[in-house]
Structure formats: structure tokens, C-alpha cells
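Printed here is structure_39.pdb (PDB, C-alpha atoms):
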```pdb
ATOM      1  CA  MET A   1     -21.024   9.566 -21.540
ATOM      2  CA  ARG A   2     -17.428  10.370 -20.775
ATOM      3  CA  LYS A   3     -15.573  11.464 -23.879
ATOM      4  CA  LEU A   4     -12.275   9.704 -24.254
ATOM      5  CA  PRO A   5      -9.328  11.629 -25.656
ATOM      6  CA  GLU A   6      -7.943  10.833 -29.048
ATOM      7  CA  LEU A   7      -5.078   8.474 -28.329
ATOM      8  CA  GLY A   8      -2.963  10.016 -31.077
ATOM      9  CA  ARG A   9      -2.864  13.259 -29.090
ATOM     10  CA  LEU A  10      -1.636  11.625 -25.911
ATOM     11  CA  SER A  11       1.969  10.816 -25.274
ATOM     12  CA  LEU A  12       3.163   8.166 -22.899
ATOM     13  CA  ASP A  13       6.792   8.184 -21.895
ATOM     14  CA  ARG A  14       8.824   5.215 -20.672
ATOM     15  CA  ILE A  15       8.455   6.179 -17.002
ATOM     16  CA  ASP A  16       4.664   6.601 -17.280
ATOM     17  CA  ALA A  17       4.485   3.179 -18.937
ATOM     18  CA  GLN A  18       6.523   1.646 -16.101
ATOM     19  CA  LEU A  19       4.275   3.346 -13.544
ATOM     20  CA  ILE A  20       1.086   2.082 -15.198
ATOM     21  CA  ASP A  21       2.454  -1.465 -15.399
ATOM     22  CA  ARG A  22       3.646  -1.326 -11.779
ATOM     23  CA  LEU A  23       0.281  -0.110 -10.474
ATOM     24  CA  HIS A  24      -1.749  -2.564 -12.564
ATOM     25  CA  GLY A  25      -0.877  -5.441 -10.264
ATOM     26  CA  GLY A  26      -1.842  -3.669  -7.082
ATOM     27  CA  LEU A  27      -0.778  -1.053  -4.633
ATOM     28  CA  PRO A  28       1.254  -2.074  -1.582
ATOM     29  CA  LEU A  29      -0.814  -2.166   1.610
ATOM     30  CA  THR A  30       1.625  -0.040   3.576
ATOM     31  CA  GLU A  31       1.605   3.284   5.367
ATOM     32  CA  ARG A  32       3.028   5.058   2.266
ATOM     33  CA  PRO A  33       2.224   2.923  -0.770
ATOM     34  CA  PHE A  34       3.196   5.579  -3.331
ATOM     35  CA  ALA A  35       6.590   5.952  -1.669
ATOM     36  CA  ASP A  36       7.072   2.188  -2.029
ATOM     37  CA  VAL A  37       6.122   2.340  -5.710
ATOM     38  CA  ALA A  38       8.482   5.280  -6.131
ATOM     39  CA  THR A  39      11.344   3.253  -4.649
ATOM     40  CA  ASP A  40      10.613   0.400  -7.072
ATOM     41  CA  LEU A  41      10.793   2.837 -10.014
ATOM     42  CA  HIS A  42      13.719   4.956  -8.731
ATOM     43  CA  LEU A  43      11.469   8.017  -8.399
ATOM     44  CA  THR A  44      10.290  10.180  -5.538
ATOM     45  CA  GLU A  45       6.860   9.821  -4.004
ATOM     46  CA  ASP A  46       5.964  13.297  -5.322
ATOM     47  CA  GLU A  47       7.025  12.293  -8.861
ATOM     48  CA  VAL A  48       4.776   9.232  -8.729
ATOM     49  CA  LEU A  49       1.800  11.251  -7.491
ATOM     50  CA  THR A  50       2.384  14.050 -10.021
ATOM     51  CA  ARG A  51       2.622  11.576 -12.900
ATOM     52  CA  LEU A  52      -0.498   9.727 -11.748
ATOM     53  CA  ARG A  53      -2.480  12.982 -11.488
ATOM     54  CA  LYS A  54      -1.318  14.002 -14.985
ATOM     55  CA  LEU A  55      -2.255  10.628 -16.482
ATOM     56  CA  LEU A  56      -5.743  11.011 -14.995
ATOM     57  CA  ALA A  57      -6.107  14.678 -16.003
ATOM     58  CA  ASP A  58      -4.978  13.962 -19.587
ATOM     59  CA  GLY A  59      -7.374  11.020 -19.888
ATOM     60  CA  MET A  60      -4.635   8.449 -20.422
ATOM     61  CA  LEU A  61      -6.092   6.789 -17.315
ATOM     62  CA  THR A  62      -9.824   7.143 -16.790
ATOM     63  CA  ARG A  63      -9.910   5.703 -13.287
ATOM     64  CA  PHE A  64      -7.525   4.819 -10.501
ATOM     65  CA  GLY A  65      -8.881   3.048  -7.475
ATOM     66  CA  PRO A  66      -9.567  -0.252  -5.807
ATOM     67  CA  LEU A  67     -11.823  -2.984  -7.102
ATOM     68  CA  PHE A  68     -14.098  -4.404  -4.447
ATOM     69  CA  GLN A  69     -16.241  -7.511  -4.355
ATOM     70  CA  ILE A  70     -19.195  -5.427  -3.277
ATOM     71  CA  GLU A  71     -21.499  -8.419  -2.905
ATOM     72  CA  ARG A  72     -19.375  -9.724  -0.013
ATOM     73  CA  ALA A  73     -20.244  -6.527   1.860
ATOM     74  CA  GLY A  74     -23.966  -6.818   1.075
ATOM     75  CA  GLY A  75     -23.974  -4.488  -1.928
ATOM     76  CA  GLN A  76     -24.582  -5.062  -5.614
ATOM     77  CA  PHE A  77     -23.263  -4.259  -9.059
ATOM     78  CA  LEU A  78     -25.865  -4.408 -11.793
ATOM     79  CA  LEU A  79     -25.409  -4.258 -15.550
ATOM     80  CA  ALA A  80     -28.216  -2.159 -16.996
ATOM     81  CA  ALA A  81     -29.258  -0.913 -20.410
ATOM     82  CA  LEU A  82     -31.813   1.337 -22.008
ATOM     83  CA  ALA A  83     -32.945   2.336 -25.472
ATOM     84  CA  ALA A  84     -32.213   6.050 -25.727
ATOM     85  CA  PRO A  85     -33.746   7.855 -28.697
ATOM     86  CA  GLU A  86     -30.869   8.944 -30.927
ATOM     87  CA  ALA A  87     -31.968  12.583 -30.862
ATOM     88  CA  ASP A  88     -31.901  12.559 -27.033
ATOM     89  CA  PHE A  89     -28.916  10.276 -26.510
ATOM     90  CA  GLU A  90     -26.539  12.917 -25.110
ATOM     91  CA  ARG A  91     -29.182  14.396 -22.813
ATOM     92  CA  VAL A  92     -30.092  10.949 -21.454
ATOM     93  CA  ALA A  93     -26.392  10.090 -21.035
ATOM     94  CA  GLN A  94     -25.894  13.260 -18.994
ATOM     95  CA  GLN A  95     -28.868  12.404 -16.771
ATOM     96  CA  VAL A  96     -27.656   8.845 -16.219
ATOM     97  CA  ASN A  97     -24.021   9.842 -15.668
ATOM     98  CA  ALA A  98     -24.994  12.532 -13.152
ATOM     99  CA  LEU A  99     -25.890   9.820 -10.651
ATOM    100  CA  PRO A 100     -22.978   8.814  -8.401
ATOM    101  CA  ALA A 101     -24.080   5.159  -8.454
ATOM    102  CA  VAL A 102     -23.564   4.917 -12.242
ATOM    103  CA  ALA A 103     -20.275   3.935 -13.846
ATOM    104  CA  HIS A 104     -18.941   2.503 -17.080
ATOM    105  CA  ASN A 105     -21.517   4.011 -19.425
ATOM    106  CA  TYR A 106     -21.050   2.753 -22.987
ATOM    107  CA  ARG A 107     -22.797   3.434 -26.287
ATOM    108  CA  ARG A 108     -23.693   0.333 -28.313
ATOM    109  CA  THR A 109     -25.065  -0.207 -31.801
ATOM    110  CA  HIS A 110     -28.142  -2.122 -30.722
ATOM    111  CA  LYS A 111     -31.742  -1.356 -29.846
ATOM    112  CA  LEU A 112     -30.475  -1.099 -26.265
ATOM    113  CA  ASN A 113     -27.872   1.508 -27.163
ATOM    114  CA  MET A 114     -26.786   2.676 -23.687
ATOM    115  CA  TRP A 115     -25.221   0.191 -21.267
ATOM    116  CA  PHE A 116     -23.984   1.100 -17.798
ATOM    117  CA  VAL A 117     -23.186  -0.344 -14.394
ATOM    118  CA  VAL A 118     -25.111   0.656 -11.288
ATOM    119  CA  ALA A 119     -23.459   0.068  -7.912
ATOM    120  CA  GLY A 120     -24.946   0.363  -4.466
ATOM    121  CA  GLU A 121     -24.391  -0.521  -0.841
ATOM    122  CA  THR A 122     -27.519  -2.683  -0.999
ATOM    123  CA  PRO A 123     -29.566  -4.236  -3.789
ATOM    124  CA  GLN A 124     -32.409  -1.867  -2.814
ATOM    125  CA  LYS A 125     -30.208   1.196  -3.423
ATOM    126  CA  VAL A 126     -29.356  -0.184  -6.863
ATOM    127  CA  GLU A 127     -33.051  -0.678  -7.582
ATOM    128  CA  ASP A 128     -33.797   2.838  -6.329
ATOM    129  CA  THR A 129     -31.211   4.232  -8.765
ATOM    130  CA  CYS A 130     -32.744   2.298 -11.671
ATOM    131  CA  GLN A 131     -36.187   3.628 -10.760
ATOM    132  CA  GLN A 132     -34.799   7.168 -10.532
ATOM    133  CA  ILE A 133     -33.319   6.838 -14.025
ATOM    134  CA  GLU A 134     -36.677   5.631 -15.320
ATOM    135  CA  ARG A 135     -38.483   8.582 -13.701
ATOM    136  CA  GLU A 136     -35.982  11.177 -14.922
ATOM    137  CA  THR A 137     -35.581   9.863 -18.471
ATOM    138  CA  GLY A 138     -39.005   8.331 -19.078
ATOM    139  CA  LEU A 139     -37.223   5.230 -20.401
ATOM    140  CA  THR A 140     -37.272   1.627 -19.228
ATOM    141  CA  VAL A 141     -34.076   0.432 -17.562
ATOM    142  CA  TYR A 142     -33.399  -3.202 -18.372
ATOM    143  CA  ARG A 143     -31.657  -4.968 -15.506
ATOM    144  CA  PHE A 144     -29.144  -7.763 -16.020
ATOM    145  CA  PRO A 145     -28.124  -9.071 -12.604
ATOM    146  CA  LYS A 146     -25.016 -11.186 -12.303
ATOM    147  CA  GLU A 147     -25.809 -14.884 -12.274
ATOM    148  CA  ARG A 148     -22.248 -16.171 -12.060
ATOM    149  CA  GLU A 149     -18.890 -14.530 -11.610
ATOM    150  CA  PHE A 150     -15.857 -15.283 -13.714
ATOM    151  CA  PHE A 151     -12.406 -13.962 -12.935
ATOM    152  CA  VAL A 152     -10.542 -13.029 -16.083
ATOM    153  CA  GLU A 153      -7.408 -11.059 -15.421
ATOM    154  CA  LEU A 154      -6.431  -9.139 -18.513
ATOM    155  CA  ARG A 155      -3.147  -7.317 -18.275
ATOM    156  CA  LEU A 156      -2.024  -5.169 -21.145
ATOM    157  CA  SER A 157       1.510  -3.914 -20.779
ATOM    158  CA  ALA A 158       1.912  -0.182 -21.338
ATOM    159  CA  GLN A 159       5.649  -0.744 -21.776
ATOM    160  CA  ALA A 160       5.109  -3.373 -24.486
ATOM    161  CA  SER A 161       2.654  -1.076 -26.260
ATOM    162  CA  LEU A 162       5.147   1.791 -26.117
ATOM    163  CA  ALA A 163       7.917  -0.452 -27.485
ATOM    164  CA  ALA A 164       5.659  -1.604 -30.343
ATOM    165  CA  GLN A 165       4.826   2.020 -31.208
ATOM    166  CA  ASP A 166       8.523   2.939 -31.195
ATOM    167  CA  GLN A 167       9.360  -0.018 -33.421
ATOM    168  CA  THR A 168       6.603   0.902 -35.883
ATOM    169  CA  ARG A 169       7.702   4.560 -35.951
ATOM    170  CA  HIS A 170      11.254   3.546 -36.715
ATOM    171  CA  GLY A 171      10.302   1.307 -39.620
ATOM    172  CA  GLY A 172      10.530  -1.980 -37.783
ATOM    173  CA  GLU A 173       7.942  -4.643 -38.295
ATOM    174  CA  HIS A 174       5.839  -5.521 -35.261
ATOM    175  CA  VAL A 175       4.658  -9.099 -35.111
ATOM    176  CA  THR A 176       2.079 -10.306 -32.632
ATOM    177  CA  HIS A 177       1.378 -13.902 -31.807
TER     178      HIS A 177
END
```

Spell out the structure here as C-alpha cells.
Amino acid sequence: MRKLPELGRLSLDRIDAQLIDRLHGGLPLTERPFADVATDLHLTEDEVLTRLRKLLADGMLTRFGPLFQIERAGGQFLLAALAAPEADFERVAQQVNALPAVAHNYRRTHKLNMWFVVAGETPQKVEDTCQQIERETGLTVYRFPKEREFFVELRLSAQASLAAQDQTRHGGEHVTH
């Protein structure tokens, strides 16, 4: 499983927060989208790209890329889980994460303690990946195919979070509703 950095060690400045918030809603579909974002933020295209690379390298952002409705193209996303023996958890996680079709691997406190998403161009490729995991780990992969899709857009403002941290650091009281 991917180790996330300790948030206390990461620093987010005002411009990074603006960049994250600006990119959250989408990237312009233009010839030079990062130049357009740079114009919006009064930066250069190189500054935007450098900041984005640093946010990814530092672990502040774990992923930057498009979200596709893969099923419309004939593919599949599948939520999967397995019960990894505690003594072998890290080894199994490394085996599972080594596969390019696997994403979003999470540890849970449950009998099924490893949950992950398998993506493929076709449902058969997803099934092949699940079978490969079973062969390589010797563990059963439980498959939870999507029955219905719900669109829940959750937007958390990096700028609001930064402002709340500043207010707390300076002795102000932060109230949430």
C-alpha cells in the first residue's frame, strides 16, 4: 500500500492552495491548459507545472489525472477485497499494488482487511487481474461489482483549510457548521 506522508510535515502555501482549488473543477480543454490555468492564477505555465510536480513528489497530491466513465468505453471498475494474514499484509500489498490495473488500495479493520479497485479495458481483463492476484497471493479475491452509480461531488477547499490552519495557529477560534 502507498504510504501517505505525515500531513504535519507538509506545507501548503497560498498559491499551492489556489492551484489545487483551481484544478479540482477541471482542466481547460485547450491546446495549452496549464498556460490557461497559469493566466487565471497570475503565474507562468512553468510555475504551474513545477508546483504541480512538487505537490505530487511531496505526496500532498497522490494523483493528478482525468476521471473516466470506463464502462461507457466497454471497460470496468471493480471494488475488490481480500483477507490478508496480518503477518503477510505488506508482502500481499506489494504483490497487489505491483499490478498496473490496481488502484486505491486501502487497509481496513475487518476480516476483509485489504480493499482495492481493479480497472480494465474489458470486464474479462478485470477478471484476469483478480485471478492473477489469487494465483500470486494464494488468497481469495472477493468481487463487488457496481450495481448502481451515484454521483457525489465532494469538493474540499485547500484555501479554506489553509485559512482555518492559519486562524488556529494565531489563536483564533475556528467554527464549522

For Ala93 in chain A: contacts at 10 Å, all atoms listed in the file, fewer than 2 positions along chain excluded, given as a PyMOL selection string:
chain A and resi 1-2+84+88-91+95-98+105-107+114-116+137

For Leu67 in chain A, the nearest of the candidates A:Val92, A:Ala38, A:Leu52, A:Leu27, counting all atoms listed in the file:
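Closest candidate: A:Leu27.
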
My list of candidates is A:Leu19, A:Leu112, A:Val118, A:Ser157. Which is closest to Ala81 in chain A when distances are computed with only C-alpha atoms?
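Answer, going by the shortest atom-to-atom distance: A:Leu112.
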
Using only C-alpha atoms and a cutoff of 10 Å, can you tell me which residues are near (-3.4, 0.6, -10.7) in the file's coordinates, and write them out as a ChimeraX atom specification?
/A:19-27,52,61,63-67

Between CA of Glu47 in chain A and CA of Ala35 in chain A lies a distance of 9.6 Å

Select, counting all atoms listed in the file, all protein, DNA and RNA residues no farther than 12 Å from (9.2, 4.9, -13.1) in file coordinates, and express the selection as a ChimeraX atom specification.
/A:12-23,34-52,159

Can you tell me which residues surround range 126-135 of chain A at a distance of at most 10 Å, considering all atoms listed in the file, apart from same-chain residues fewer than 3 positions away, and format the answer as an mmCIF file with C-alpha atoms, in the frame of the given file?
```cif
data_model
loop_
_atom_site.group_PDB
_atom_site.id
_atom_site.type_symbol
_atom_site.label_atom_id
_atom_site.label_comp_id
_atom_site.auth_asym_id
_atom_site.auth_seq_id
_atom_site.Cartn_x
_atom_site.Cartn_y
_atom_site.Cartn_z
ATOM 1 C CA GLY A 75 -23.974 -4.488 -1.928
ATOM 2 C CA GLN A 76 -24.582 -5.062 -5.614
ATOM 3 C CA PHE A 77 -23.263 -4.259 -9.059
ATOM 4 C CA LEU A 78 -25.865 -4.408 -11.793
ATOM 5 C CA ALA A 80 -28.216 -2.159 -16.996
ATOM 6 C CA ALA A 81 -29.258 -0.913 -20.410
ATOM 7 C CA LEU A 82 -31.813 1.337 -22.008
ATOM 8 C CA VAL A 92 -30.092 10.949 -21.454
ATOM 9 C CA GLN A 95 -28.868 12.404 -16.771
ATOM 10 C CA VAL A 96 -27.656 8.845 -16.219
ATOM 11 C CA ASN A 97 -24.021 9.842 -15.668
ATOM 12 C CA LEU A 99 -25.890 9.820 -10.651
ATOM 13 C CA PRO A 100 -22.978 8.814 -8.401
ATOM 14 C CA ALA A 101 -24.080 5.159 -8.454
ATOM 15 C CA VAL A 102 -23.564 4.917 -12.242
ATOM 16 C CA VAL A 117 -23.186 -0.344 -14.394
ATOM 17 C CA VAL A 118 -25.111 0.656 -11.288
ATOM 18 C CA ALA A 119 -23.459 0.068 -7.912
ATOM 19 C CA GLY A 120 -24.946 0.363 -4.466
ATOM 20 C CA GLU A 121 -24.391 -0.521 -0.841
ATOM 21 C CA THR A 122 -27.519 -2.683 -0.999
ATOM 22 C CA PRO A 123 -29.566 -4.236 -3.789
ATOM 23 C CA GLY A 138 -39.005 8.331 -19.078
ATOM 24 C CA LEU A 139 -37.223 5.230 -20.401
ATOM 25 C CA THR A 140 -37.272 1.627 -19.228
ATOM 26 C CA VAL A 141 -34.076 0.432 -17.562
ATOM 27 C CA TYR A 142 -33.399 -3.202 -18.372
ATOM 28 C CA ARG A 143 -31.657 -4.968 -15.506
#
```

Is there a way to complete range 40-51 of chain A with all heavy atoms and then write that out as a compact mmCIF listing (two decimals), in the frame of the given file?
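Dumped to selection.txt:
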```
# COMPACT_ATOMS: atom_id res chain seq x y z
N ASP A 40 10.51 1.44 -6.03
CA ASP A 40 10.61 0.40 -7.07
C ASP A 40 11.02 0.99 -8.42
O ASP A 40 11.71 0.34 -9.20
CB ASP A 40 9.27 -0.32 -7.26
CG ASP A 40 8.88 -1.18 -6.07
OD1 ASP A 40 9.73 -1.40 -5.18
OD2 ASP A 40 7.71 -1.63 -6.03
N LEU A 41 10.56 2.22 -8.70
CA LEU A 41 10.79 2.84 -10.01
C LEU A 41 11.93 3.87 -10.00
O LEU A 41 12.14 4.56 -11.00
CB LEU A 41 9.50 3.49 -10.50
CG LEU A 41 8.32 2.55 -10.72
CD1 LEU A 41 7.08 3.33 -11.11
CD2 LEU A 41 8.64 1.48 -11.76
N HIS A 42 12.62 3.99 -8.87
CA HIS A 42 13.72 4.96 -8.73
C HIS A 42 13.22 6.39 -8.94
O HIS A 42 13.86 7.19 -9.63
CB HIS A 42 14.88 4.62 -9.67
CG HIS A 42 15.35 3.21 -9.55
ND1 HIS A 42 16.01 2.74 -8.43
CD2 HIS A 42 15.22 2.15 -10.38
CE1 HIS A 42 16.26 1.46 -8.59
NE2 HIS A 42 15.80 1.07 -9.76
N LEU A 43 12.07 6.68 -8.35
CA LEU A 43 11.47 8.02 -8.40
C LEU A 43 11.23 8.48 -6.98
O LEU A 43 11.43 7.73 -6.02
CB LEU A 43 10.12 7.98 -9.14
CG LEU A 43 10.13 7.50 -10.59
CD1 LEU A 43 8.69 7.29 -11.08
CD2 LEU A 43 10.85 8.50 -11.47
N THR A 44 10.74 9.71 -6.84
CA THR A 44 10.29 10.18 -5.54
C THR A 44 8.79 9.95 -5.43
O THR A 44 8.09 9.79 -6.45
CB THR A 44 10.59 11.69 -5.34
OG1 THR A 44 9.76 12.43 -6.25
CG2 THR A 44 12.06 11.99 -5.56
N GLU A 45 8.30 9.97 -4.22
CA GLU A 45 6.86 9.82 -4.00
C GLU A 45 6.10 10.94 -4.72
O GLU A 45 5.07 10.69 -5.36
CB GLU A 45 6.57 9.84 -2.51
CG GLU A 45 5.11 9.63 -2.15
CD GLU A 45 4.89 9.61 -0.65
OE1 GLU A 45 5.70 10.20 0.10
OE2 GLU A 45 3.88 9.01 -0.24
N ASP A 46 6.62 12.17 -4.65
CA ASP A 46 5.96 13.30 -5.32
C ASP A 46 5.93 13.09 -6.84
O ASP A 46 4.94 13.44 -7.49
CB ASP A 46 6.67 14.62 -5.00
CG ASP A 46 6.33 15.14 -3.61
OD1 ASP A 46 5.31 14.69 -3.04
OD2 ASP A 46 7.09 15.97 -3.09
N GLU A 47 7.00 12.54 -7.41
CA GLU A 47 7.02 12.29 -8.86
C GLU A 47 5.95 11.28 -9.25
O GLU A 47 5.26 11.46 -10.26
CB GLU A 47 8.40 11.79 -9.30
CG GLU A 47 9.48 12.84 -9.32
CD GLU A 47 10.85 12.26 -9.60
OE1 GLU A 47 11.23 11.24 -8.98
OE2 GLU A 47 11.55 12.85 -10.45
N VAL A 48 5.80 10.24 -8.45
CA VAL A 48 4.78 9.23 -8.73
C VAL A 48 3.39 9.87 -8.68
O VAL A 48 2.57 9.68 -9.59
CB VAL A 48 4.87 8.05 -7.74
CG1 VAL A 48 3.62 7.18 -7.80
CG2 VAL A 48 6.11 7.21 -8.04
N LEU A 49 3.12 10.63 -7.63
CA LEU A 49 1.80 11.25 -7.49
C LEU A 49 1.54 12.28 -8.59
O LEU A 49 0.43 12.34 -9.14
CB LEU A 49 1.67 11.89 -6.11
CG LEU A 49 1.61 10.88 -4.96
CD1 LEU A 49 1.75 11.59 -3.62
CD2 LEU A 49 0.35 10.04 -5.02
N THR A 50 2.54 13.06 -8.95
CA THR A 50 2.38 14.05 -10.02
C THR A 50 2.10 13.36 -11.34
O THR A 50 1.20 13.77 -12.10
CB THR A 50 3.66 14.92 -10.13
OG1 THR A 50 3.81 15.63 -8.90
CG2 THR A 50 3.56 15.89 -11.29
N ARG A 51 2.85 12.30 -11.64
CA ARG A 51 2.62 11.58 -12.90
C ARG A 51 1.23 10.93 -12.92
O ARG A 51 0.54 10.97 -13.94
CB ARG A 51 3.70 10.51 -13.11
CG ARG A 51 5.02 11.09 -13.56
CD ARG A 51 6.09 10.02 -13.72
NE ARG A 51 7.29 10.59 -14.30
CZ ARG A 51 7.51 10.74 -15.60
NH1 ARG A 51 6.60 10.34 -16.46
NH2 ARG A 51 8.62 11.28 -16.04
```
